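Engineer: File final.tsv below, TSV, C-alpha atoms and all ligand atoms:
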```tsv
chain	number	residue	atom	x	y	z
A	23	MET	CA	3.18	4.41	-22.59
A	24	SER	CA	4.82	1.12	-23.41
A	25	ASP	CA	8.41	2.32	-24.02
A	26	VAL	CA	10.21	1.35	-20.79
A	27	SER	CA	12.82	4.09	-21.06
A	28	ALA	CA	10.07	6.71	-21.40
A	29	VAL	CA	8.31	5.24	-18.36
A	30	LYS	CA	11.55	5.40	-16.39
A	31	ALA	CA	12.23	8.97	-17.50
A	32	ALA	CA	8.74	10.01	-16.38
A	33	LEU	CA	9.26	8.35	-13.00
A	34	LYS	CA	12.61	10.08	-12.53
A	35	SER	CA	11.15	13.50	-13.29
A	36	GLN	CA	8.11	13.27	-11.01
A	37	VAL	CA	8.66	15.42	-7.90
A	38	ILE	CA	6.86	14.53	-4.68
A	39	GLU	CA	6.72	17.30	-2.08
A	40	THR	CA	6.71	16.31	1.59
A	41	PRO	CA	5.07	18.26	4.45
A	42	SER	CA	7.12	19.70	7.33
A	43	TRP	CA	4.35	18.69	9.74
A	44	GLY	CA	4.69	15.03	8.73
A	45	TYR	CA	8.00	14.96	10.60
A	46	GLY	CA	6.67	16.39	13.88
A	47	ASN	CA	4.73	14.73	16.67
A	48	SER	CA	1.04	14.44	15.90
A	49	GLY	CA	-2.04	12.61	17.07
A	50	THR	CA	-5.76	12.84	17.41
A	51	ARG	CA	-7.73	15.03	19.77
A	52	PHE	CA	-7.46	12.13	22.21
A	53	LYS	CA	-3.68	11.85	22.47
A	54	VAL	CA	-0.43	12.90	20.88
A	55	PHE	CA	2.17	10.14	21.18
A	56	ALA	CA	5.65	11.67	21.35
A	57	GLN	CA	8.34	9.84	19.43
A	58	PRO	CA	12.10	9.81	19.99
A	59	GLY	CA	14.24	11.81	17.58
A	60	VAL	CA	11.53	14.15	16.35
A	61	PRO	CA	12.71	17.56	15.01
A	62	ARG	CA	12.95	20.41	17.50
A	63	ASP	CA	12.63	23.21	14.97
A	64	PRO	CA	12.00	23.83	11.25
A	65	PHE	CA	15.71	23.44	10.50
A	66	GLU	CA	15.66	19.87	11.80
A	67	LYS	CA	12.46	19.19	9.84
A	68	MET	CA	14.47	20.05	6.72
A	69	GLU	CA	17.09	17.51	7.76
A	70	ASP	CA	14.43	14.81	7.98
A	71	ALA	CA	12.99	15.77	4.62
A	72	ALA	CA	16.52	15.56	3.22
A	73	GLN	CA	16.71	11.95	4.41
A	74	VAL	CA	13.55	11.14	2.44
A	75	HIS	CA	15.03	12.78	-0.63
A	76	ALA	CA	18.40	11.07	-0.17
A	77	PHE	CA	16.80	7.62	-0.24
A	78	THR	CA	14.04	8.21	-2.82
A	79	GLY	CA	15.67	10.76	-5.15
A	80	VAL	CA	12.30	12.34	-5.97
A	81	ALA	CA	11.40	14.41	-2.89
A	82	PRO	CA	13.45	17.65	-3.09
A	83	LYS	CA	10.63	19.98	-1.97
A	84	VAL	CA	9.17	20.64	1.47
A	85	SER	CA	5.89	22.41	2.31
A	86	LEU	CA	6.00	24.84	5.23
A	87	HIS	CA	3.12	25.71	7.55
A	88	ILE	CA	2.92	29.16	9.08
A	89	PRO	CA	3.03	29.73	12.05
A	90	TRP	CA	4.19	26.18	12.85
A	91	ASP	CA	7.36	26.82	10.84
A	92	ARG	CA	7.74	30.49	11.68
A	93	VAL	CA	11.40	31.49	11.98
A	94	GLU	CA	13.22	34.78	12.46
A	95	ASP	CA	15.20	34.42	9.27
A	96	TYR	CA	13.54	32.74	6.28
A	97	ALA	CA	16.60	33.34	4.13
A	98	ALA	CA	18.62	31.27	6.61
A	99	LEU	CA	16.02	28.48	6.56
A	100	THR	CA	16.04	28.54	2.75
A	101	ARG	CA	19.85	28.39	2.66
A	102	HIS	CA	19.78	25.50	5.13
A	103	ALA	CA	17.28	23.65	2.91
A	104	GLU	CA	19.31	24.34	-0.22
A	105	GLY	CA	22.46	23.12	1.51
A	106	LEU	CA	20.64	19.84	2.04
A	107	GLY	CA	19.62	19.64	-1.62
A	108	LEU	CA	16.04	20.83	-0.97
A	109	ARG	CA	13.76	23.67	-2.08
A	110	ILE	CA	10.93	25.30	-0.17
A	111	GLY	CA	7.58	24.21	-1.61
A	112	ALA	CA	4.09	25.41	-0.76
A	113	ILE	CA	3.52	27.87	2.04
A	114	ASN	CA	0.46	26.70	3.99
A	115	SER	CA	-1.48	29.43	5.76
A	116	ASN	CA	-3.11	28.84	9.11
A	117	VAL	CA	-6.27	30.74	9.91
A	118	PHE	CA	-7.78	28.08	12.11
A	119	GLN	CA	-5.89	28.07	15.41
A	120	ASP	CA	-6.79	31.40	16.93
A	121	ASP	CA	-9.67	32.26	19.28
A	122	ASP	CA	-10.71	35.05	16.93
A	123	TYR	CA	-11.60	32.46	14.27
A	124	LYS	CA	-14.39	30.75	16.20
A	125	LEU	CA	-16.98	31.94	13.67
A	126	GLY	CA	-14.63	31.88	10.69
A	127	SER	CA	-11.59	33.69	9.33
A	128	VAL	CA	-11.99	35.34	5.92
A	129	THR	CA	-15.73	34.63	6.04
A	130	HIS	CA	-16.21	35.90	9.62
A	131	PRO	CA	-19.13	38.34	10.05
A	132	ASP	CA	-16.80	40.87	11.75
A	133	PRO	CA	-14.64	42.82	9.28
A	134	LYS	CA	-11.86	43.19	11.89
A	135	VAL	CA	-11.41	39.43	12.05
A	136	ARG	CA	-11.51	39.19	8.26
A	137	ARG	CA	-8.77	41.84	8.08
A	138	LYS	CA	-6.60	39.90	10.51
A	139	ALA	CA	-7.06	36.67	8.52
A	140	THR	CA	-6.37	38.32	5.18
A	141	ASP	CA	-3.27	39.99	6.62
A	142	HIS	CA	-1.97	36.54	7.60
A	143	LEU	CA	-2.48	35.32	4.04
A	144	LEU	CA	-0.57	38.35	2.76
A	145	GLU	CA	2.21	37.61	5.27
A	146	CYS	CA	2.41	34.12	3.74
A	147	VAL	CA	3.02	35.71	0.32
A	148	ASP	CA	5.85	37.74	1.90
A	149	ILE	CA	7.31	34.43	3.11
A	150	MET	CA	6.97	33.06	-0.43
A	151	ASP	CA	9.07	36.01	-1.62
A	152	GLU	CA	11.71	35.28	1.02
A	153	THR	CA	11.89	31.53	0.46
A	154	GLY	CA	11.31	31.31	-3.29
A	155	SER	CA	8.17	29.26	-2.74
A	156	PRO	CA	5.94	29.20	-5.84
A	157	ASP	CA	2.69	28.12	-4.15
A	158	LEU	CA	0.39	29.64	-1.54
A	159	LYS	CA	-1.82	26.85	-0.22
A	160	LEU	CA	-5.09	27.91	1.32
A	161	TRP	CA	-7.29	25.71	3.41
A	162	PHE	CA	-10.07	27.36	5.39
A	163	SER	CA	-11.79	25.75	8.35
A	164	ASP	CA	-14.53	28.35	7.91
A	165	GLY	CA	-18.13	27.27	8.04
A	166	THR	CA	-21.19	27.04	10.25
A	167	ASN	CA	-22.52	24.40	12.60
A	168	TYR	CA	-26.20	25.27	12.56
A	169	PRO	CA	-28.75	26.19	9.90
A	170	GLY	CA	-29.36	29.91	10.10
A	171	GLN	CA	-26.11	30.59	11.99
A	172	ASP	CA	-24.86	32.89	9.23
A	173	ASP	CA	-25.75	33.91	5.69
A	174	ILE	CA	-24.29	31.33	3.29
A	175	THR	CA	-24.19	33.76	0.36
A	176	ALA	CA	-22.63	36.61	2.34
A	177	ARG	CA	-19.90	34.25	3.49
A	178	GLN	CA	-19.11	33.38	-0.14
A	179	ASP	CA	-18.93	37.10	-0.94
A	180	ARG	CA	-16.51	37.69	1.95
A	181	LEU	CA	-14.38	34.74	0.84
A	182	ALA	CA	-14.25	36.05	-2.73
A	183	GLU	CA	-13.22	39.49	-1.51
A	184	ALA	CA	-10.32	38.15	0.58
A	185	LEU	CA	-9.14	35.81	-2.15
A	186	ALA	CA	-9.17	38.66	-4.68
A	187	GLU	CA	-7.02	40.84	-2.41
A	188	VAL	CA	-4.46	38.07	-1.93
A	189	TYR	CA	-4.53	37.16	-5.62
A	190	GLU	CA	-3.61	40.74	-6.50
A	191	ARG	CA	-0.57	40.51	-4.24
A	192	LEU	CA	0.85	37.41	-6.02
A	193	GLY	CA	3.97	37.81	-8.14
A	194	ASP	CA	4.25	36.60	-11.71
A	195	ASP	CA	5.68	33.21	-10.75
A	196	GLN	CA	3.45	32.65	-7.75
A	197	ARG	CA	0.10	30.95	-7.63
A	198	MET	CA	-2.71	30.37	-5.19
A	199	LEU	CA	-3.85	26.81	-4.49
A	200	LEU	CA	-7.33	26.58	-2.98
A	201	GLU	CA	-8.13	23.41	-1.07
A	202	TYR	CA	-11.63	22.14	-0.32
A	203	LYS	CA	-12.85	19.84	2.41
A	204	LEU	CA	-16.30	18.39	2.91
A	205	PHE	CA	-16.64	18.92	6.65
A	206	GLU	CA	-14.72	19.39	9.90
A	207	PRO	CA	-14.35	21.47	11.94
A	208	ALA	CA	-17.58	22.98	10.60
A	209	PHE	CA	-20.32	20.38	10.53
A	210	TYR	CA	-23.32	22.02	8.86
A	211	ALA	CA	-21.94	24.11	5.99
A	212	THR	CA	-18.26	24.41	5.16
A	213	ASP	CA	-17.48	27.51	3.09
A	214	VAL	CA	-15.20	25.64	0.63
A	215	PRO	CA	-16.69	22.13	0.84
A	216	ASP	CA	-16.12	20.75	-2.64
A	217	TRP	CA	-14.26	21.06	-5.91
A	218	GLY	CA	-17.13	22.97	-7.52
A	219	THR	CA	-16.90	25.79	-5.00
A	220	ALA	CA	-13.09	25.89	-5.20
A	221	TYR	CA	-13.21	25.79	-9.00
A	222	ALA	CA	-15.77	28.60	-9.21
A	223	HIS	CA	-13.62	30.88	-7.04
A	224	CYS	CA	-10.43	30.00	-8.93
A	225	LEU	CA	-12.09	30.55	-12.30
A	226	ARG	CA	-13.20	34.02	-11.27
A	227	LEU	CA	-9.80	34.90	-9.83
A	228	GLY	CA	-7.77	34.02	-12.91
A	229	PRO	CA	-4.99	31.76	-14.18
A	230	LYS	CA	-2.83	31.99	-11.06
A	231	ALA	CA	-5.55	30.35	-8.94
A	232	GLN	CA	-5.91	26.58	-9.03
A	233	VAL	CA	-7.55	23.83	-6.99
A	234	VAL	CA	-5.91	21.39	-4.55
A	235	VAL	CA	-7.37	17.88	-4.39
A	236	ASP	CA	-6.72	16.42	-0.94
A	237	THR	CA	-7.59	12.76	-1.33
A	238	GLY	CA	-8.92	12.61	2.25
A	239	HIS	CA	-11.44	15.42	1.89
A	240	HIS	CA	-14.40	13.75	0.21
A	241	ALA	CA	-17.51	11.83	1.17
A	242	PRO	CA	-17.06	8.04	1.16
A	243	GLY	CA	-17.49	6.64	-2.33
A	244	THR	CA	-16.70	9.90	-4.14
A	245	ASN	CA	-15.17	9.28	-7.55
A	246	ILE	CA	-12.03	11.37	-7.03
A	247	GLU	CA	-10.52	10.45	-10.40
A	248	PHE	CA	-13.51	12.07	-12.11
A	249	ILE	CA	-12.75	15.30	-10.27
A	250	VAL	CA	-9.08	15.01	-11.25
A	251	ALA	CA	-9.94	14.48	-14.91
A	252	SER	CA	-12.38	17.41	-14.89
A	253	LEU	CA	-9.93	19.81	-13.25
A	254	LEU	CA	-7.08	18.82	-15.56
A	255	ARG	CA	-9.33	19.23	-18.56
A	256	ALA	CA	-10.11	22.77	-17.37
A	257	GLY	CA	-6.46	23.57	-16.58
A	258	LYS	CA	-7.36	24.08	-12.93
A	259	LEU	CA	-5.66	21.22	-11.10
A	260	GLY	CA	-2.85	22.86	-9.16
A	261	ALA	CA	-1.88	20.18	-6.70
A	262	PHE	CA	-2.62	17.05	-4.78
A	263	ASP	CA	-2.51	16.55	-1.05
A	264	PHE	CA	-2.04	12.79	-0.99
A	265	ASN	CA	-3.01	10.72	2.03
A	266	SER	CA	-5.30	7.78	2.81
A	267	ARG	CA	-8.59	7.64	4.59
A	268	PHE	CA	-10.88	4.94	5.87
A	269	TYR	CA	-13.48	7.16	7.53
A	270	ALA	CA	-12.89	10.92	7.52
A	271	ASP	CA	-9.79	13.14	7.21
A	272	ASP	CA	-7.59	10.32	8.54
A	273	ASP	CA	-4.29	11.57	7.05
A	274	LEU	CA	-2.89	8.03	6.85
A	275	MET	CA	-0.04	7.12	4.48
A	276	ALA	CA	-0.83	7.69	0.79
A	277	GLY	CA	-1.60	4.45	-1.00
A	278	ALA	CA	-2.14	2.53	2.22
A	279	ALA	CA	-5.93	2.36	2.42
A	280	ASP	CA	-6.84	2.15	-1.24
A	281	PRO	CA	-3.94	1.69	-3.69
A	282	PHE	CA	-6.43	1.00	-6.47
A	283	GLN	CA	-7.97	4.45	-6.02
A	284	LEU	CA	-4.52	6.03	-6.15
A	285	PHE	CA	-3.84	4.14	-9.39
A	286	ARG	CA	-7.14	5.32	-10.89
A	287	ILE	CA	-6.26	8.90	-9.96
A	288	MET	CA	-2.79	8.59	-11.49
A	289	HIS	CA	-4.27	7.08	-14.63
A	290	GLU	CA	-6.33	10.24	-15.13
A	291	VAL	CA	-3.22	12.32	-14.39
A	292	VAL	CA	-1.25	10.48	-17.08
A	293	ARG	CA	-4.17	10.48	-19.54
A	294	ASN	CA	-4.57	14.26	-19.17
A	295	ASP	CA	-0.86	15.19	-19.35
A	296	GLY	CA	-0.72	15.96	-15.63
A	297	LEU	CA	2.74	14.41	-15.30
A	298	LYS	CA	4.25	16.81	-17.80
A	299	PRO	CA	6.33	19.46	-16.00
A	300	GLU	CA	4.62	22.24	-17.98
A	301	THR	CA	1.22	21.24	-16.54
A	302	ASN	CA	2.74	22.15	-13.17
A	303	VAL	CA	0.76	19.81	-10.92
A	304	ASN	CA	2.35	19.76	-7.46
A	305	PHE	CA	2.28	16.20	-6.06
A	306	MET	CA	2.31	16.86	-2.34
A	307	LEU	CA	1.81	14.62	0.64
A	308	ASP	CA	-0.39	15.88	3.48
A	309	GLN	CA	-0.09	13.29	6.20
A	310	CYS	CA	0.60	12.84	9.89
A	311	HIS	CA	2.31	9.79	11.32
A	312	ASN	CA	0.76	9.35	14.72
A	313	ILE	CA	1.83	5.83	15.66
A	314	GLU	CA	4.45	4.88	13.05
A	315	ALA	CA	8.02	6.15	12.69
A	316	LYS	CA	7.89	9.30	10.60
A	317	ILE	CA	10.79	9.34	8.14
A	318	PRO	CA	10.27	5.72	7.03
A	319	ALA	CA	6.52	6.37	6.78
A	320	VAL	CA	7.15	9.28	4.42
A	321	ILE	CA	9.56	7.11	2.40
A	322	ARG	CA	6.88	4.40	2.17
A	323	SER	CA	4.31	6.98	1.05
A	324	VAL	CA	6.59	8.40	-1.65
A	325	ALA	CA	7.17	4.84	-2.90
A	326	ASN	CA	3.41	4.18	-2.88
A	327	VAL	CA	2.79	7.26	-5.05
A	328	GLN	CA	5.58	6.12	-7.37
A	329	GLU	CA	4.08	2.63	-7.66
A	330	ALA	CA	0.67	4.04	-8.60
A	331	THR	CA	2.34	6.37	-11.10
A	332	ALA	CA	4.38	3.54	-12.63
A	333	LYS	CA	1.28	1.38	-13.08
A	334	ALA	CA	-0.56	4.29	-14.67
A	335	LEU	CA	2.35	4.83	-17.06
A	336	LEU	CA	2.20	1.15	-18.03
A	337	VAL	CA	-1.41	1.30	-19.23
A	338	ASP	CA	-1.46	0.33	-22.89
A	339	MET	CA	-3.20	3.50	-24.05
A	340	ALA	CA	-3.47	2.33	-27.66
A	341	ALA	CA	-5.22	-0.90	-26.64
A	342	LEU	CA	-7.38	0.99	-24.15
A	343	GLY	CA	-8.39	3.58	-26.74
A	344	ALA	CA	-9.19	0.93	-29.36
A	345	ALA	CA	-11.33	-1.00	-26.89
A	346	GLN	CA	-13.14	2.17	-25.80
A	347	ARG	CA	-13.86	3.24	-29.39
A	348	SER	CA	-15.20	-0.17	-30.35
A	349	GLY	CA	-17.33	-0.39	-27.23
A	350	ASP	CA	-15.48	-3.45	-25.94
A	351	VAL	CA	-16.17	-2.94	-22.26
A	352	LEU	CA	-14.30	-6.00	-21.03
A	353	ALA	CA	-11.19	-5.33	-23.11
A	354	ALA	CA	-11.11	-1.72	-21.95
A	355	ASN	CA	-11.43	-2.65	-18.32
A	356	GLY	CA	-8.89	-5.44	-18.89
A	357	ALA	CA	-6.32	-3.00	-20.29
A	358	LEU	CA	-6.56	-0.94	-17.14
A	359	MET	CA	-6.47	-3.93	-14.79
A	360	ASP	CA	-3.47	-5.46	-16.57
A	361	ALA	CA	-1.47	-2.38	-15.69
A	362	TYR	CA	-2.79	-2.23	-12.14
A	363	ASN	CA	-1.94	-5.87	-11.54
A	364	THR	CA	1.66	-5.49	-12.75
A	365	ASP	CA	4.30	-5.72	-10.04
A	366	VAL	CA	6.20	-2.48	-10.66
A	367	ARG	CA	8.60	-2.84	-7.73
A	368	PRO	CA	11.42	-4.29	-9.87
A	369	LEU	CA	10.99	-1.42	-12.37
A	370	LEU	CA	11.21	1.17	-9.58
A	371	ALA	CA	14.24	-0.62	-8.12
A	372	GLU	CA	15.93	-0.22	-11.52
A	373	VAL	CA	14.97	3.45	-11.67
A	374	ARG	CA	16.57	4.02	-8.26
A	375	GLU	CA	19.67	2.08	-9.24
A	376	GLU	CA	20.02	4.25	-12.33
A	377	LEU	CA	19.80	7.30	-10.03
A	378	GLY	CA	22.63	5.86	-7.94
A	379	LEU	CA	20.32	4.94	-5.06
A	380	ALA	CA	19.58	1.75	-3.16
A	381	ARG	CA	16.93	-0.45	-4.78
A	382	ASP	CA	14.79	-0.48	-1.64
A	383	PRO	CA	14.72	2.99	-0.02
A	384	PHE	CA	12.76	1.82	3.00
A	385	ALA	CA	15.21	-0.95	3.94
A	386	ALA	CA	18.20	1.25	3.10
A	387	TYR	CA	16.98	4.00	5.41
A	388	LEU	CA	16.39	1.56	8.27
A	389	ALA	CA	19.91	0.17	7.78
A	390	SER	CA	21.47	3.65	7.64
A	391	GLY	CA	21.44	4.19	11.41
A	392	ASN	CA	19.85	7.66	11.03
A	393	GLN	CA	16.83	6.77	13.16
A	394	GLU	CA	19.05	5.73	16.09
A	395	ARG	CA	21.26	8.79	15.59
A	396	ILE	CA	18.42	11.33	15.77
A	397	ALA	CA	16.82	9.49	18.70
A	398	THR	CA	20.01	10.10	20.72
A	399	ALA	CA	20.84	13.54	19.38
A	400	ARG	CA	17.42	15.19	19.67
A	401	VAL	CA	15.57	15.48	22.92
A	402	GLY	CA	12.16	17.18	23.23
A	403	GLY	CA	10.84	17.03	19.67
A	404	GLU	CA	8.22	19.49	18.47
A	405	GLN	CA	4.56	18.81	18.06
A	406	ALA	CA	3.50	19.17	14.45
A	407	GLY	CA	0.62	21.45	15.37
A	408	TRP	CA	-2.20	18.94	15.38
A	409	GLY	CA	-4.13	17.14	18.08
A	410	ALA	CA	-3.11	19.30	21.01
A	501	LIG	C1	-6.93	20.05	7.55
A	501	LIG	O1	-7.92	19.22	7.07
A	501	LIG	C2	-5.69	19.87	6.74
A	501	LIG	O2	-5.41	18.49	6.83
A	501	LIG	C3	-5.83	20.33	5.31
A	501	LIG	O3	-5.83	19.18	4.51
A	501	LIG	C4	-4.60	21.16	5.05
A	501	LIG	O4	-4.02	20.88	3.82
A	501	LIG	C5	-3.70	20.71	6.16
A	501	LIG	O5	-4.59	20.54	7.23
A	501	LIG	C6	-2.66	21.68	6.51
A	501	LIG	O6	-3.24	22.94	6.89
A	502	MN	MN	-4.66	18.92	2.87
A	503	MN	MN	-6.96	17.47	5.81
```
Represent the supplied structure as structure tokens.
Structural biologist:
Amino acid sequence: MSDVSAVKAALKSQVIETPSWGYGNSGTRFKVFAQPGVPRDPFEKMEDAAQVHAFTGVAPKVSLHIPWDRVEDYAALTRHAEGLGLRIGAINSNVFQDDDYKLGSVTHPDPKVRRKATDHLLECVDIMDETGSPDLKLWFSDGTNYPGQDDITARQDRLAEALAEVYERLGDDQRMLLEYKLFEPAFYATDVPDWGTAYAHCLRLGPKAQVVVDTGHHAPGTNIEFIVASLLRAGKLGAFDFNSRFYADDDLMAGAADPFQLFRIMHEVVRNDGLKPETNVNFMLDQCHNIEAKIPAVIRSVANVQEATAKALLVDMAALGAAQRSGDVLAANGALMDAYNTDVRPLLAEVREELGLARDPFAAYLASGNQERIATARVGGEQAGWGA
């Protein structure tokens, strides 16, 4: 796409959804470092998300995590979000923090535990109804630690059965997003370890089931953009969970560890029409900010996703296609690298200016005084749910 106004329009229409848990205290299993000014409840998490949206202009949606964001009155939480210019995004289920789930949730050998887990997933669909959320996001920690511990095939059958029950409960405008992860907390065999397994389940379920690609959930060296291209080609890419990794599921800021990988992913998104609203790819962040200030870290991450997107939009697709068809390897690679090596920060500054925003959202937020205000106003911030 070489027309600058079309590039700008695409950048203005991209929505990046931020996670409620990114605003809470988090850490590793070694230590959670509490920060001043952290939200004390889901309502305050919405206020932090609203700050990110106010300075970036592209982050009007927030993912919730149940039970971390459980409230008495979801209509009130939704109204509060809407009053701040936000919408409720994906509802994330949680079937991994209960003693009953030691041997699994929906794949557990005991049908009573499976019933309890499936009931929680159904409760999450009720919350979708109450909040207007369009997406149920499912990540299962289910798996086994030792060969022989349980029957791999039976566990897949149990998973399929639970997914089918929840799928049936979905409304017309609701979908199920199934996330995979290579390992952890299960170390021998995770029940949804890869995109193939997630894809196979989604294919069998039907059009309302799609796959989530969490960029931190692969083996080192995995070609994630190949997975993205394949899922888009099959109409089965529902969403991203963006974050960065160096080693495992590090949940660092998107675009921090490997901006080139993020660009390659966004190139496949652009190439396969994944930016078009009708393709309905949800660009979510799934991150935790353990040692850095949270709101500015989310702003930085949103900007990093935008930079990768802008570079992908700048790829000269005509030149790239001509080079590919003629077998000119160096010209083809050069067309991609030219776009990657473009400094898109001035372009994004213009986009923000045209939206009536500051050119540099990160600096503008730091100068706004919000961080100091919340540090004084809020005492005893909530833990996000991780690393207890
Ligand atoms: C656990 O690995 C995880 O990070 C998954 O990526 C989920 O999306 C997220 O937690 C929230 O449940
Ligand atoms: Mn994730
Ligand atoms: Mn993860």
Engineer: Throw together the list of residues within 8 Å of ligand MN 503 (chain A), counting only C-alpha atoms and all ligand atoms, and drop it here as a VMD selection string.
Structural biologist: chain A and resid 203 236 238 to 239 271 to 273 308
Engineer: What does the distance from CA of Leu336 (chain A) to CA of Arg374 (chain A) come to in Å, to one decimal?
Structural biologist: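 So the two atoms, CA of Leu336 (chain A) and CA of Arg374 (chain A), lie 17.6 Å apart.
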Engineer: Quick one, how far is CA of Glu376 (chain A) from CA of Glu290 (chain A)?
Structural biologist: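 Those two atoms sit 27.2 Å apart.
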Engineer: Using only C-alpha atoms and all ligand atoms, which residues of the polymer chains come no farther than 12 Å from ligand MN 502 (chain A)? I'd like the answer as a ChimeraX atom specification.
Structural biologist: /A:40-41,43-44,85,87,112,114-116,159-163,199-204,233-240,261-266,271-274,305-310
Engineer: What's around Leu388 (chain A) at 12 Å? Count only C-alpha atoms, leave out sequence neighbours fewer than 3 positions away in its own chain, and write the answer as a count of residues only.
Structural biologist: 20
Engineer: Could you tell me which of A:Gln171, A:Thr331, A:Gln36, A:Ser42 comes closest to ligand LIG 501 (chain A) if we count all atoms listed in the file?
Structural biologist: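 Answer, going by the shortest atom-to-atom distance: A:Ser42.
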Engineer: So which one's closest to ligand LIG 501 (chain A), A:Asp164, A:Asp295, A:Asp172, A:Glu372? Using all atoms listed in the file, please.
Structural biologist: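 Closest to ligand LIG 501 (chain A), using all atoms listed in the file: A:Asp164.
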Engineer: Which residue gives the smallest distance to Tyr210 (chain A) among A:Pro169, A:Ile249, A:Ala334, A:Arg62, with all atoms listed in the file counted?
Structural biologist: A:Pro169
Engineer: Smallest atom-to-atom distance to ligand LIG 501 (chain A): which of A:Ile246, A:Ile113, A:Leu254, A:Ala344, using only C-alpha atoms and all ligand atoms?
Structural biologist: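 Checking each of A:Ile246, A:Ile113, A:Leu254, A:Ala344 against ligand LIG 501 (chain A), counting only C-alpha atoms and all ligand atoms, the winner is A:Ile113.
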Engineer: A:Glu206, A:Asp179, A:Asp350, A:Glu314: which is nearest ligand LIG 501 (chain A), counting only C-alpha atoms and all ligand atoms?
Structural biologist: A:Glu206
